[in-house]
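Structure file coords_15.csv (CSV, C-alpha atoms (C1' of nucleotides)) is printed below.
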chain,number,residue,atom,x,y,z
G,1,MET,CA,99.0,178.4,48.9
G,2,ASN,CA,98.8,180.3,45.8
G,3,ALA,CA,96.2,179.7,43.1
G,4,ARG,CA,98.0,177.7,40.4
G,5,ALA,CA,96.4,177.9,37.0
G,6,ALA,CA,98.0,174.7,35.7
G,7,GLU,CA,98.6,173.7,32.2
G,8,PRO,CA,97.2,170.2,31.5
G,9,PRO,CA,99.7,167.7,32.7
G,10,SER,CA,101.7,166.1,30.0
G,11,SER,CA,101.6,162.4,30.0
G,12,SER,CA,105.4,162.1,30.4
G,13,VAL,CA,107.8,164.8,31.6
G,14,ALA,CA,110.9,165.9,29.7
G,15,TRP,CA,112.9,166.7,32.7
G,16,ASP,CA,115.9,168.1,30.8
G,17,ARG,CA,113.8,170.7,29.1
G,18,ILE,CA,112.4,172.2,32.3
G,19,PRO,CA,115.3,174.7,32.8
G,20,ASP,CA,114.4,176.2,29.4
G,21,ARG,CA,110.7,176.2,30.0
G,22,VAL,CA,111.3,178.0,33.3
G,23,ARG,CA,113.5,180.6,31.7
G,24,ALA,CA,111.1,181.0,28.8
G,25,ARG,CA,108.7,182.5,31.3
G,26,GLY,CA,111.1,185.1,32.5
G,27,LEU,CA,111.8,183.0,35.6
G,28,ARG,CA,115.2,181.9,36.7
G,29,TRP,CA,116.9,178.6,37.0
G,30,THR,CA,118.7,178.2,40.3
G,31,PRO,CA,120.6,175.4,42.1
G,32,GLN,CA,117.8,175.0,44.5
G,33,ARG,CA,115.3,174.4,41.7
G,34,ALA,CA,117.7,172.0,40.0
G,35,THR,CA,118.0,170.0,43.3
G,36,LEU,CA,114.2,169.7,43.6
G,37,VAL,CA,113.7,168.7,40.0
G,38,SER,CA,116.4,166.1,40.2
G,39,VAL,CA,114.5,164.6,43.2
G,40,LEU,CA,111.2,164.8,41.4
G,41,ALA,CA,112.7,163.1,38.3
G,42,GLN,CA,113.4,160.0,40.5
G,43,ALA,CA,110.0,160.0,42.1
G,44,GLU,CA,107.1,158.1,40.7
G,45,GLY,CA,103.4,158.6,41.4
G,46,HIS,CA,102.5,160.1,44.8
G,47,VAL,CA,104.8,162.0,47.1
G,48,THR,CA,104.2,164.3,50.1
G,49,VAL,CA,106.0,167.6,50.4
G,50,SER,CA,107.8,166.5,53.5
G,51,GLN,CA,109.2,163.5,51.6
G,52,LEU,CA,110.5,165.8,49.0
G,53,ILE,CA,112.2,168.1,51.5
G,54,GLU,CA,113.8,165.1,53.1
G,55,ARG,CA,115.2,163.9,49.9
G,56,CYS,CA,116.4,167.3,48.8
G,57,ARG,CA,118.2,167.6,52.1
G,58,GLU,CA,120.2,164.5,51.4
G,59,LEU,CA,121.6,166.2,48.3
G,60,GLU,CA,121.6,169.7,49.7
G,61,PRO,CA,121.4,170.0,53.5
G,62,ASP,CA,120.5,173.6,53.4
G,63,THR,CA,117.2,173.0,51.6
G,64,THR,CA,114.5,175.4,53.0
G,65,PRO,CA,110.8,174.4,53.0
G,66,SER,CA,109.5,177.7,51.7
G,67,THR,CA,111.8,177.5,48.7
G,68,VAL,CA,110.5,174.0,48.0
G,69,TYR,CA,106.9,175.1,48.2
G,70,ARG,CA,107.5,178.1,45.9
G,71,THR,CA,109.3,176.0,43.4
G,72,LEU,CA,106.4,173.5,43.5
G,73,ASP,CA,104.1,176.3,42.6
G,74,VAL,CA,106.2,177.1,39.5
G,75,LEU,CA,106.3,173.4,38.4
G,76,GLU,CA,102.6,173.1,38.9
G,77,THR,CA,102.1,176.1,36.7
G,78,LEU,CA,104.2,174.4,34.1
G,79,GLY,CA,102.1,171.3,34.4
G,80,VAL,CA,105.0,169.1,35.5
G,81,ILE,CA,103.2,168.1,38.7
G,82,SER,CA,99.8,168.5,40.2
G,83,HIS,CA,98.5,168.1,43.7
G,84,SER,CA,95.4,167.1,45.5
G,85,HIS,CA,94.6,167.0,49.2
G,86,GLY,CA,94.5,164.0,51.5
G,87,ARG,CA,91.9,163.4,54.1
G,88,ASP,CA,93.6,165.8,56.5
G,89,GLY,CA,94.0,168.5,53.9
G,90,ARG,CA,97.7,167.8,53.4
G,91,GLN,CA,99.0,168.0,49.9
G,92,ILE,CA,99.5,164.9,47.8
G,93,LEU,CA,101.8,165.6,44.9
G,94,HIS,CA,101.3,163.7,41.6
G,95,VAL,CA,104.6,163.4,39.8
G,96,ARG,CA,104.7,162.5,36.2
G,97,PRO,CA,101.3,160.9,36.3
G,98,ALA,CA,101.2,158.2,33.6
G,99,ARG,CA,97.5,159.0,33.3
G,100,ALA,CA,95.5,161.7,35.0
G,101,HIS,CA,93.6,160.2,37.9
G,102,GLY,CA,91.8,161.0,41.0
G,103,HIS,CA,91.7,159.4,44.5
G,104,LEU,CA,89.4,157.6,46.7
G,105,ILE,CA,90.4,158.2,50.3
G,106,CYS,CA,89.0,156.3,53.3
G,107,SER,CA,88.2,158.6,56.1
G,108,THR,CA,88.6,155.9,58.7
G,109,CYS,CA,91.8,154.1,57.8
G,110,GLY,CA,93.3,156.7,55.5
G,111,SER,CA,94.0,154.2,52.7
G,112,GLU,CA,94.2,155.6,49.2
G,113,GLU,CA,93.1,154.1,45.9
G,114,ASP,CA,93.5,155.6,42.4
G,115,LEU,CA,90.4,156.5,40.6
G,116,PRO,CA,91.0,156.1,36.8
G,117,SER,CA,90.0,158.8,34.4
G,118,ALA,CA,87.3,156.7,32.8
G,119,GLU,CA,85.3,156.4,36.0
G,120,ALA,CA,85.1,160.1,36.6
G,121,SER,CA,84.9,161.5,33.1
G,122,THR,CA,81.2,161.3,32.7
G,123,PHE,CA,80.7,163.1,36.0
G,124,LEU,CA,83.3,165.8,35.2
G,125,HIS,CA,82.0,166.4,31.7
G,126,ALA,CA,78.5,166.8,33.0
G,127,ILE,CA,79.8,169.5,35.4
G,128,GLN,CA,81.5,171.2,32.6
G,129,ARG,CA,78.4,171.1,30.4
G,130,ASP,CA,75.8,172.0,33.1
G,131,ARG,CA,77.8,174.5,35.2
G,132,ASP,CA,80.5,175.7,32.9
G,133,PHE,CA,83.1,174.5,35.4
G,134,VAL,CA,86.2,172.8,34.1
G,135,ALA,CA,87.1,170.3,36.8
G,136,SER,CA,90.6,168.9,37.3
G,137,LEU,CA,90.7,165.2,37.7
G,138,ASP,CA,94.1,165.2,39.2
G,139,HIS,CA,92.9,167.4,42.1
G,140,LEU,CA,89.8,165.2,42.7
G,141,SER,CA,89.7,163.4,46.0
G,142,VAL,CA,86.6,161.5,46.9
G,143,THR,CA,86.4,160.8,50.7
G,144,GLY,CA,84.3,158.0,52.1
G,145,LEU,CA,84.5,154.5,53.6
G,146,CYS,CA,86.5,151.8,51.9
G,147,HIS,CA,85.2,148.2,51.8
G,148,ALA,CA,87.2,147.0,54.7
G,149,CYS,CA,86.2,149.8,57.0
G,150,ARG,CA,82.6,149.6,56.0
G,151,SER,CA,82.6,145.9,57.0
G,152,SER,CA,84.1,146.6,60.4
G,153,VAL,CA,81.7,149.4,61.1
G,154,ALA,CA,78.7,147.2,60.1
G,155,SER,CA,79.9,144.5,62.6
G,156,ASP,CA,80.2,147.0,65.5
E,1,MET,CA,92.7,165.4,62.3
E,2,ASN,CA,91.1,162.2,63.5
E,3,ALA,CA,89.2,159.9,61.2
E,4,ARG,CA,85.6,160.7,61.8
E,5,ALA,CA,83.2,157.9,60.9
E,6,ALA,CA,80.2,160.0,60.5
E,7,GLU,CA,76.6,159.1,60.7
E,8,PRO,CA,74.6,160.3,57.7
E,9,PRO,CA,73.8,164.0,58.4
E,10,SER,CA,70.2,164.5,59.4
E,11,SER,CA,68.4,167.0,57.3
E,12,SER,CA,67.7,169.3,60.2
E,13,VAL,CA,69.4,169.3,63.6
E,14,ALA,CA,67.6,169.0,66.9
E,15,TRP,CA,70.0,171.1,68.8
E,16,ASP,CA,68.4,170.6,72.2
E,17,ARG,CA,68.8,166.9,72.0
E,18,ILE,CA,72.5,167.0,71.4
E,19,PRO,CA,73.4,166.9,75.1
E,20,ASP,CA,71.6,163.6,75.5
E,21,ARG,CA,73.0,162.2,72.4
E,22,VAL,CA,76.5,163.0,73.6
E,23,ARG,CA,75.9,161.4,77.0
E,24,ALA,CA,74.3,158.4,75.4
E,25,ARG,CA,77.7,157.6,73.9
E,26,GLY,CA,79.3,157.7,77.3
E,27,LEU,CA,80.7,161.1,76.5
E,28,ARG,CA,80.3,164.2,78.7
E,29,TRP,CA,78.4,167.4,78.3
E,30,THR,CA,80.5,170.4,79.3
E,31,PRO,CA,80.2,174.1,79.3
E,32,GLN,CA,82.7,174.4,76.5
E,33,ARG,CA,80.7,172.1,74.3
E,34,ALA,CA,77.5,173.9,75.2
E,35,THR,CA,79.1,177.2,74.0
E,36,LEU,CA,80.2,175.7,70.7
E,37,VAL,CA,76.9,174.1,70.1
E,38,SER,CA,75.0,177.4,70.8
E,39,VAL,CA,77.3,179.1,68.2
E,40,LEU,CA,76.7,176.3,65.7
E,41,ALA,CA,73.0,176.5,66.2
E,42,GLN,CA,73.0,180.1,65.0
E,43,ALA,CA,75.3,179.3,62.0
E,44,GLU,CA,73.9,178.4,58.6
E,45,GLY,CA,75.6,176.7,55.8
E,46,HIS,CA,79.4,177.0,55.6
E,47,VAL,CA,81.7,178.2,58.4
E,48,THR,CA,85.4,178.0,58.9
E,49,VAL,CA,86.8,176.9,62.2
E,50,SER,CA,88.4,180.2,62.9
E,51,GLN,CA,85.1,181.9,62.5
E,52,LEU,CA,83.7,179.5,65.1
E,53,ILE,CA,86.5,180.1,67.5
E,54,GLU,CA,86.0,183.8,67.2
E,55,ARG,CA,82.3,183.6,67.9
E,56,CYS,CA,82.8,181.3,70.8
E,57,ARG,CA,85.3,183.8,72.3
E,58,GLU,CA,82.6,186.4,72.2
E,59,LEU,CA,80.5,184.3,74.6
E,60,GLU,CA,83.4,182.7,76.4
E,61,PRO,CA,86.8,184.5,76.1
E,62,ASP,CA,88.7,181.5,77.4
E,63,THR,CA,87.8,179.3,74.4
E,64,THR,CA,90.7,177.2,73.4
E,65,PRO,CA,91.2,176.0,69.8
E,66,SER,CA,92.1,172.5,70.6
E,67,THR,CA,88.9,172.0,72.6
E,68,VAL,CA,86.9,173.4,69.6
E,69,TYR,CA,88.6,171.0,67.2
E,70,ARG,CA,88.0,168.1,69.5
E,71,THR,CA,84.3,168.9,70.0
E,72,LEU,CA,83.9,169.3,66.3
E,73,ASP,CA,85.2,165.7,66.0
E,74,VAL,CA,82.5,164.6,68.4
E,75,LEU,CA,79.8,166.5,66.6
E,76,GLU,CA,80.9,165.1,63.2
E,77,THR,CA,80.6,161.6,64.7
E,78,LEU,CA,77.1,162.4,65.7
E,79,GLY,CA,76.4,163.6,62.1
E,80,VAL,CA,75.5,167.1,63.3
E,81,ILE,CA,78.1,168.6,61.1
E,82,SER,CA,80.4,167.5,58.3
E,83,HIS,CA,83.4,169.1,56.7
E,84,SER,CA,85.2,169.3,53.5
E,85,HIS,CA,88.5,171.0,52.5
E,86,GLY,CA,88.9,174.2,50.5
E,87,ARG,CA,91.4,174.6,47.8
E,88,ASP,CA,94.2,175.3,50.4
E,89,GLY,CA,93.2,172.3,52.4
E,90,ARG,CA,91.5,174.3,55.2
E,91,GLN,CA,88.4,172.8,56.7
E,92,ILE,CA,85.0,174.0,55.5
E,93,LEU,CA,82.3,173.1,58.0
E,94,HIS,CA,78.8,172.3,56.8
E,95,VAL,CA,76.4,173.1,59.5
E,96,ARG,CA,72.9,171.8,59.5
E,97,PRO,CA,73.0,171.1,55.7
E,98,ALA,CA,69.5,171.4,54.3
E,99,ARG,CA,70.5,168.8,51.8
E,100,ALA,CA,73.8,167.0,51.5
E,101,HIS,CA,75.9,168.7,48.8
E,102,GLY,CA,79.4,168.9,47.5
E,103,HIS,CA,81.4,171.9,46.3
E,104,LEU,CA,83.0,173.2,43.2
E,105,ILE,CA,86.0,175.3,44.1
E,106,CYS,CA,87.8,177.5,41.6
E,107,SER,CA,91.6,177.0,41.9
E,108,THR,CA,92.2,180.5,40.5
E,109,CYS,CA,89.8,182.8,42.3
E,110,GLY,CA,88.8,180.6,45.2
E,111,SER,CA,85.1,181.0,44.6
E,112,GLU,CA,82.8,178.2,45.8
E,113,GLU,CA,79.6,176.9,44.4
E,114,ASP,CA,77.4,174.2,45.8
E,115,LEU,CA,77.1,170.9,43.9
E,116,PRO,CA,73.7,169.5,44.5
E,117,SER,CA,73.2,165.8,45.3
E,118,ALA,CA,71.5,165.0,42.0
E,119,GLU,CA,74.5,166.0,39.9
E,120,ALA,CA,76.9,163.8,41.8
E,121,SER,CA,74.7,160.8,42.8
E,122,THR,CA,75.2,158.8,39.6
E,123,PHE,CA,79.0,159.2,39.9
E,124,LEU,CA,79.0,158.3,43.6
E,125,HIS,CA,76.8,155.3,43.1
E,126,ALA,CA,78.9,154.0,40.4
E,127,ILE,CA,81.9,154.2,42.7
E,128,GLN,CA,80.0,152.3,45.3
E,129,ARG,CA,78.9,149.6,42.9
E,130,ASP,CA,82.2,149.2,41.0
E,131,ARG,CA,84.7,149.7,43.9
E,132,ASP,CA,82.8,149.0,47.0
E,133,PHE,CA,83.6,152.5,48.3
E,134,VAL,CA,80.9,154.5,50.0
E,135,ALA,CA,81.7,158.1,49.1
E,136,SER,CA,80.5,161.0,51.2
E,137,LEU,CA,78.9,163.8,49.2
E,138,ASP,CA,79.4,166.3,51.9
E,139,HIS,CA,83.2,165.8,51.8
E,140,LEU,CA,83.4,166.1,48.0
E,141,SER,CA,85.2,169.1,46.7
E,142,VAL,CA,85.8,169.3,43.0
E,143,THR,CA,88.6,171.7,42.1
E,144,GLY,CA,88.9,173.3,38.7
E,145,LEU,CA,88.3,176.5,36.8
E,146,CYS,CA,85.1,178.5,37.1
E,147,HIS,CA,83.5,180.1,34.1
E,148,ALA,CA,84.8,183.6,34.8
E,149,CYS,CA,88.4,182.4,35.3
E,150,ARG,CA,88.4,180.3,32.3
E,151,SER,CA,87.3,183.2,30.2
E,152,SER,CA,90.1,185.4,31.5
E,153,VAL,CA,92.7,182.6,31.0
E,154,ALA,CA,91.6,182.1,27.5
E,155,SER,CA,92.0,185.8,26.7
E,156,ASP,CA,95.6,185.9,28.1
Z,1,DC,C1',75.5,163.7,98.4
Z,2,DA,C1',80.4,161.8,98.8
Z,3,DG,C1',83.8,159.1,96.1
Z,4,DG,C1',85.8,157.3,92.2
Z,5,DC,C1',86.5,156.4,87.4
Z,6,DT,C1',87.8,158.5,83.3
Z,7,DA,C1',86.4,161.9,79.6
Z,8,DT,C1',87.7,166.4,78.9
Z,9,DT,C1',90.3,170.6,79.3
Z,10,DG,C1',94.1,173.8,78.7
Z,11,DC,C1',98.7,174.1,77.8
Z,12,DA,C1',102.8,173.6,75.3
Z,13,DA,C1',105.0,171.7,71.5
Z,14,DC,C1',104.9,170.2,67.1
Z,15,DA,C1',103.9,169.7,61.8
Z,16,DC,C1',102.3,171.8,57.6
Z,17,DG,C1',101.8,175.7,54.7
Z,18,DT,C1',102.0,180.8,53.6
Z,19,DT,C1',103.8,185.4,53.6
Z,20,DG,C1',106.8,189.8,54.1
Z,21,DC,C1',111.2,191.4,53.9
Z,22,DA,C1',116.1,192.3,53.2
Z,23,DG,C1',119.9,190.5,50.9
Z,24,DT,C1',121.6,187.6,47.0
Z,25,DA,C1',122.4,186.2,42.5
Z,26,DA,C1',120.5,184.9,37.6
Z,27,DG,C1',121.0,186.3,33.2
Z,28,DG,C1',120.1,189.9,29.6
Z,29,DG,C1',122.3,194.2,27.7
Z,30,DC,C1',126.3,196.7,26.9
Q,1,DG,C1',133.4,190.4,31.3
Q,2,DC,C1',130.7,193.9,33.9
Q,3,DC,C1',126.4,196.1,35.3
Q,4,DC,C1',121.8,196.3,36.3
Q,5,DT,C1',117.2,194.8,37.0
Q,6,DT,C1',114.5,191.9,39.5
Q,7,DA,C1',113.4,187.0,40.5
Q,8,DC,C1',114.7,184.3,44.1
Q,9,DT,C1',116.4,182.7,48.6
Q,10,DG,C1',116.4,182.2,53.5
Q,11,DC,C1',114.6,183.7,57.6
Q,12,DA,C1',111.3,184.8,60.9
Q,13,DA,C1',106.6,185.1,62.1
Q,14,DC,C1',102.2,183.8,61.5
Q,15,DG,C1',97.7,180.7,60.8
Q,16,DT,C1',95.8,176.2,60.8
Q,17,DG,C1',95.4,171.7,62.8
Q,18,DT,C1',97.1,167.7,65.9
Q,19,DT,C1',98.9,165.5,69.9
Q,20,DG,C1',100.8,164.3,74.8
Q,21,DC,C1',100.3,165.2,79.4
Q,22,DA,C1',99.0,166.7,84.0
Q,23,DA,C1',95.1,168.7,86.2
Q,24,DT,C1',90.2,169.2,86.3
Q,25,DA,C1',85.5,168.0,86.5
Q,26,DG,C1',81.3,165.2,84.5
Q,27,DC,C1',78.5,161.7,85.9
Q,28,DC,C1',77.6,157.1,87.7
Q,29,DT,C1',77.2,154.2,92.0
Q,30,DG,C1',76.4,153.5,96.6
For the structure just supplied, provide its representation as structure tokens.
Amino acid sequence: MNARAAEPPSSSVAWDRIPDRVRARGLRWTPQRATLVSVLAQAEGHVTVSQLIERCRELEPDTTPSTVYRTLDVLETLGVISHSHGRDGRQILHVRPARAHGHLICSTCGSEEDLPSAEASTFLHAIQRDRDFVASLDHLSVTGLCHACRSSVASD
Amino acid sequence: MNARAAEPPSSSVAWDRIPDRVRARGLRWTPQRATLVSVLAQAEGHVTVSQLIERCRELEPDTTPSTVYRTLDVLETLGVISHSHGRDGRQILHVRPARAHGHLICSTCGSEEDLPSAEASTFLHAIQRDRDFVASLDHLSVTGLCHACRSSVASD
DNA sequence: CAGGCTATTGCAACACGTTGCAGTAAGGGC
DNA sequence: GCCCTTACTGCAACGTGTTGCAATAGCCTG
């Protein structure tokens, strides 16, 4: 994966302006990118890359994974999407996030819960102040034990 | 990757007692596991799995990746090691962590910095209190922009 | 110390993600 | 509308990590 120096994600995405924003960077607007963006425009919240590829293939059976990954890099650079990593390290894409948020991921059952901005902001600001490190909330995944799994471990 | 319900990592590892701890769980102590543990015993701090496999092969050329991954699962269950994920989702193993700690990972240059317990504990305790979710500091990776990369982005 | 149960191994196959390369095509300039 | 530059595509190959399966080998019991 490339390093993606993302712009801050906008709170809602103007999908129809993406072609121009791509071109404005000297990049090119291609049918493959149009397919992916049309799929993303219908997705809400969290998607995995394999789901995206699947849906792209419904529209365009020749869709190639590497092209999708490369286009996702471009879109992340534009701030249209962001990604974090699930407990197994796989990408979780955040599409058109209503609000930036992180994730709580249970290492036992794999369940995911959103972590709203408010609950992390003090922490992330302290890191910025003390360590001069600007953390990305969208990329933040906190791994641990959810309530349900903790109860069942305790009763073992 | 399997879910690994880890014991809290001990602050220092008694490597010579690992065989008995493994057997105490009804698991078996094998030459392959001995090789891996002897490699881990000489590792400090952070290692990647491919580094481990490489070093194991120096001692035992027949070392198989899947066996290493499976043994790492066992050792993580024992709390001997823990792991988090780098910016590309690859595993970062924490061997014999002197103190539990998280990581700050720069999404642009890939540099890593330790995040001491003290700076995250308020945050993690709040999550536990408010959401009944017991977070694992060792697994916490905060992605963002380090000081150096932020400066260079700003000057673009 | 022989026998049996079963955890473990090694292999092959798979899924995810990245990268190098040769050919294609977007889109700006004329 | 044509040409030219070069971004992009598709492919193949690779690295990381997981999983199913048959064969092997710990370790417990008698």
Residue contacts of G:Cys109 (8 Å, all atoms listed in the file) excluding same-chain residues fewer than 2 positions away, as a CSV table (one decimal) with C-alpha atoms, in the frame of the given file:
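Output file part12.csv follows:
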chain,number,residue,atom,x,y,z
G,106,CYS,CA,89.0,156.3,53.3
G,107,SER,CA,88.2,158.6,56.1
G,111,SER,CA,94.0,154.2,52.7
G,149,CYS,CA,86.2,149.8,57.0
E,3,ALA,CA,89.2,159.9,61.2
Set the cut-off to 10 Å and count all atoms listed in the file: what are the residues of chain Q that reach chain E? Output as a short mmCIF file (atom, residue, chain, number, x, y, z; two decimals) with C-alpha atoms (C1' of nucleotides), keeping the file's coordinate frame.
data_model
loop_
_atom_site.label_atom_id
_atom_site.label_comp_id
_atom_site.auth_asym_id
_atom_site.auth_seq_id
_atom_site.Cartn_x
_atom_site.Cartn_y
_atom_site.Cartn_z
"C1'" DG Q 15 97.70 180.70 60.80
"C1'" DT Q 16 95.80 176.20 60.80
"C1'" DG Q 17 95.40 171.70 62.80
"C1'" DT Q 18 97.10 167.70 65.90
"C1'" DT Q 19 98.90 165.50 69.90
"C1'" DA Q 25 85.50 168.00 86.50
"C1'" DG Q 26 81.30 165.20 84.50
"C1'" DC Q 27 78.50 161.70 85.90
#
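Between atom CA of G:Thr108 and atom CA of G:Asp88 the interatomic distance comes to 11.3 Å.
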Separation of atom CA of G:Glu112 from atom CA of E:Glu76, in Å and rounded to one decimal: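 The value is 21.5 Å.
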Length of the atom CA of G:Gly45 to atom CA of G:His125 vector [Å]: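 Calculated distance between atom CA of G:Gly45 and atom CA of G:His125 is 24.8 Å.
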Could you list the residues in chain Z lying within 12 Å of chain G, using only C-alpha atoms (C1' of nucleotides), and format the result as number ranges by chain? Z: 15-19, 24-28
Surrounding residues of Q:DA23 excluding itself and chain neighbours under 5 positions, 12 Å, all atoms listed in the file, as a list in words: DT8, DT9, DG10 and DC11 of chain Z
Under the rule of at most 10 Å, produce a per-residue listing of chain G near chain E: chain, number, name, the closest pair of atoms, and the distance in Å, as a tab-separated table, using all atoms listed in the file.
residue	atom	partner	partner_atom	distance
G:Met1	CA	E:Asp88	CA	5.9
G:Asn2	CA	E:Asp88	CA	8.2
G:Ala3	CA	E:Thr108	CA	4.8
G:Arg4	CA	E:Thr108	CA	6.4
G:Ala5	CA	E:Thr108	CA	6.1
G:Ala6	CA	E:Ser107	CA	9.2
G:Ser84	CA	E:Arg87	CA	8.8
G:His85	CA	E:Gly89	CA	6.3
G:Gly86	CA	E:Gly89	CA	8.4
G:Arg87	CA	E:Ala3	CA	8.4
G:Asp88	CA	E:Met1	CA	5.9
G:Gly89	CA	E:Gly89	CA	4.2
G:Arg90	CA	E:Gly89	CA	6.4
G:Gln91	CA	E:Gly89	CA	7.6
G:Leu104	CA	E:Phe133	CA	7.9
G:Ile105	CA	E:Ala135	CA	8.8
G:Cys106	CA	E:Phe133	CA	8.3
G:Ser107	CA	E:Ala3	CA	5.4
G:Thr108	CA	E:Ala3	CA	4.8
G:Cys109	CA	E:Ala3	CA	7.2
G:Gly110	CA	E:Ala3	CA	7.7
G:Glu113	CA	E:Arg131	CA	9.7
G:Leu115	CA	E:Ile127	CA	9.1
G:Glu119	CA	E:Ile127	CA	7.8
G:Ala120	CA	E:Phe123	CA	7.0
G:Ser121	CA	E:Phe123	CA	9.3
G:Thr122	CA	E:Phe123	CA	7.8
G:Phe123	CA	E:Phe123	CA	5.8
G:Leu124	CA	E:Val142	CA	8.9
G:Ala126	CA	E:Glu119	CA	8.0
G:Ile127	CA	E:Glu119	CA	7.8
G:Gln128	CA	E:His147	CA	9.2
G:Asp130	CA	E:Glu119	CA	9.2
G:Arg131	CA	E:His147	CA	8.1
G:Asp132	CA	E:His147	CA	5.5
G:Phe133	CA	E:Cys146	CA	4.8
G:Val134	CA	E:Leu145	CA	5.0
G:Ala135	CA	E:Gly144	CA	4.0
G:Ser136	CA	E:Gly144	CA	4.9
G:Leu137	CA	E:Thr143	CA	8.1
G:Asp138	CA	E:Thr143	CA	9.0
G:His139	CA	E:Thr143	CA	6.1
G:Leu140	CA	E:Val142	CA	5.7
G:Ser141	CA	E:Leu140	CA	7.1
G:Val142	CA	E:Leu140	CA	5.7
G:Thr143	CA	E:Ala135	CA	5.7
G:Gly144	CA	E:Ala135	CA	4.0
G:Leu145	CA	E:Val134	CA	5.1
G:Cys146	CA	E:Phe133	CA	4.7
G:His147	CA	E:Asp132	CA	5.4
G:Ala148	CA	E:Asp132	CA	9.1
G:Cys149	CA	E:Phe133	CA	9.5
G:Arg150	CA	E:Val134	CA	7.9
G:Val153	CA	E:Ala5	CA	8.6
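Between G:Thr67 and the residues G:Ala41, G:Val47, G:Ile92, G:Leu36, the shortest atom-to-atom distance, using all atoms listed in the file, involves G:Leu36.
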Do you know which residues are at most 12 Å from G:Thr63 counting all atoms listed in the file, after dropping those on the same chain fewer than 5 positions away, and could you put them as an MDAnalysis selection string? (chainID G and resid 31:36 50 52:58 68:69 71) or (chainID Q and resid 9:10)
Next, write the just-selected residues to a file, as a PDB file, in the coordinates of the input, keeping C-alpha atoms (C1' of nucleotides) as the atom set.
ATOM      1  CA  PRO G  31     120.600 175.400  42.100  1.00  0.00           C
ATOM      2  CA  GLN G  32     117.800 175.000  44.500  1.00  0.00           C
ATOM      3  CA  ARG G  33     115.300 174.400  41.700  1.00  0.00           C
ATOM      4  CA  ALA G  34     117.700 172.000  40.000  1.00  0.00           C
ATOM      5  CA  THR G  35     118.000 170.000  43.300  1.00  0.00           C
ATOM      6  CA  LEU G  36     114.200 169.700  43.600  1.00  0.00           C
ATOM      7  CA  SER G  50     107.800 166.500  53.500  1.00  0.00           C
ATOM      8  CA  LEU G  52     110.500 165.800  49.000  1.00  0.00           C
ATOM      9  CA  ILE G  53     112.200 168.100  51.500  1.00  0.00           C
ATOM     10  CA  GLU G  54     113.800 165.100  53.100  1.00  0.00           C
ATOM     11  CA  ARG G  55     115.200 163.900  49.900  1.00  0.00           C
ATOM     12  CA  CYS G  56     116.400 167.300  48.800  1.00  0.00           C
ATOM     13  CA  ARG G  57     118.200 167.600  52.100  1.00  0.00           C
ATOM     14  CA  GLU G  58     120.200 164.500  51.400  1.00  0.00           C
ATOM     15  CA  VAL G  68     110.500 174.000  48.000  1.00  0.00           C
ATOM     16  CA  TYR G  69     106.900 175.100  48.200  1.00  0.00           C
ATOM     17  CA  THR G  71     109.300 176.000  43.400  1.00  0.00           C
TER      18      THR G  71
ATOM     19  C1'  DT Q   9     116.400 182.700  48.600  1.00  0.00           C
ATOM     20  C1'  DG Q  10     116.400 182.200  53.500  1.00  0.00           C
TER      21       DG Q  10
END
Excluding E:Leu93 and any residue of its chain fewer than 6 positions from it, enumerate the residues within 7 Å of it, using only C-alpha atoms (C1' of nucleotides), and give them as a ChimeraX atom specification. /E:46-48,81-84
List the residues sitting within 10 Å of (109.8, 184.9, 61.4) in the file's frame, using all atoms listed in the file, as a PyMOL selection string. (chain Z and resi 19-20) or (chain Q and resi 11-14)
Enumerate, as a PDB file with C-alpha atoms (C1' of nucleotides), keeping the file's coordinate frame, the protein, DNA and RNA residues whose atoms approach (82.4, 155.2, 99.7) to within 12 Å, taking into account all atoms listed in the file and the coordinate frame of the file.
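Wrote it out as point.pdb, contents follow:
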ATOM      1  C1'  DC Z   1      75.500 163.700  98.400  1.00  0.00           C
ATOM      2  C1'  DA Z   2      80.400 161.800  98.800  1.00  0.00           C
ATOM      3  C1'  DG Z   3      83.800 159.100  96.100  1.00  0.00           C
ATOM      4  C1'  DG Z   4      85.800 157.300  92.200  1.00  0.00           C
TER       5       DG Z   4
ATOM      6  C1'  DT Q  29      77.200 154.200  92.000  1.00  0.00           C
ATOM      7  C1'  DG Q  30      76.400 153.500  96.600  1.00  0.00           C
TER       8       DG Q  30
END
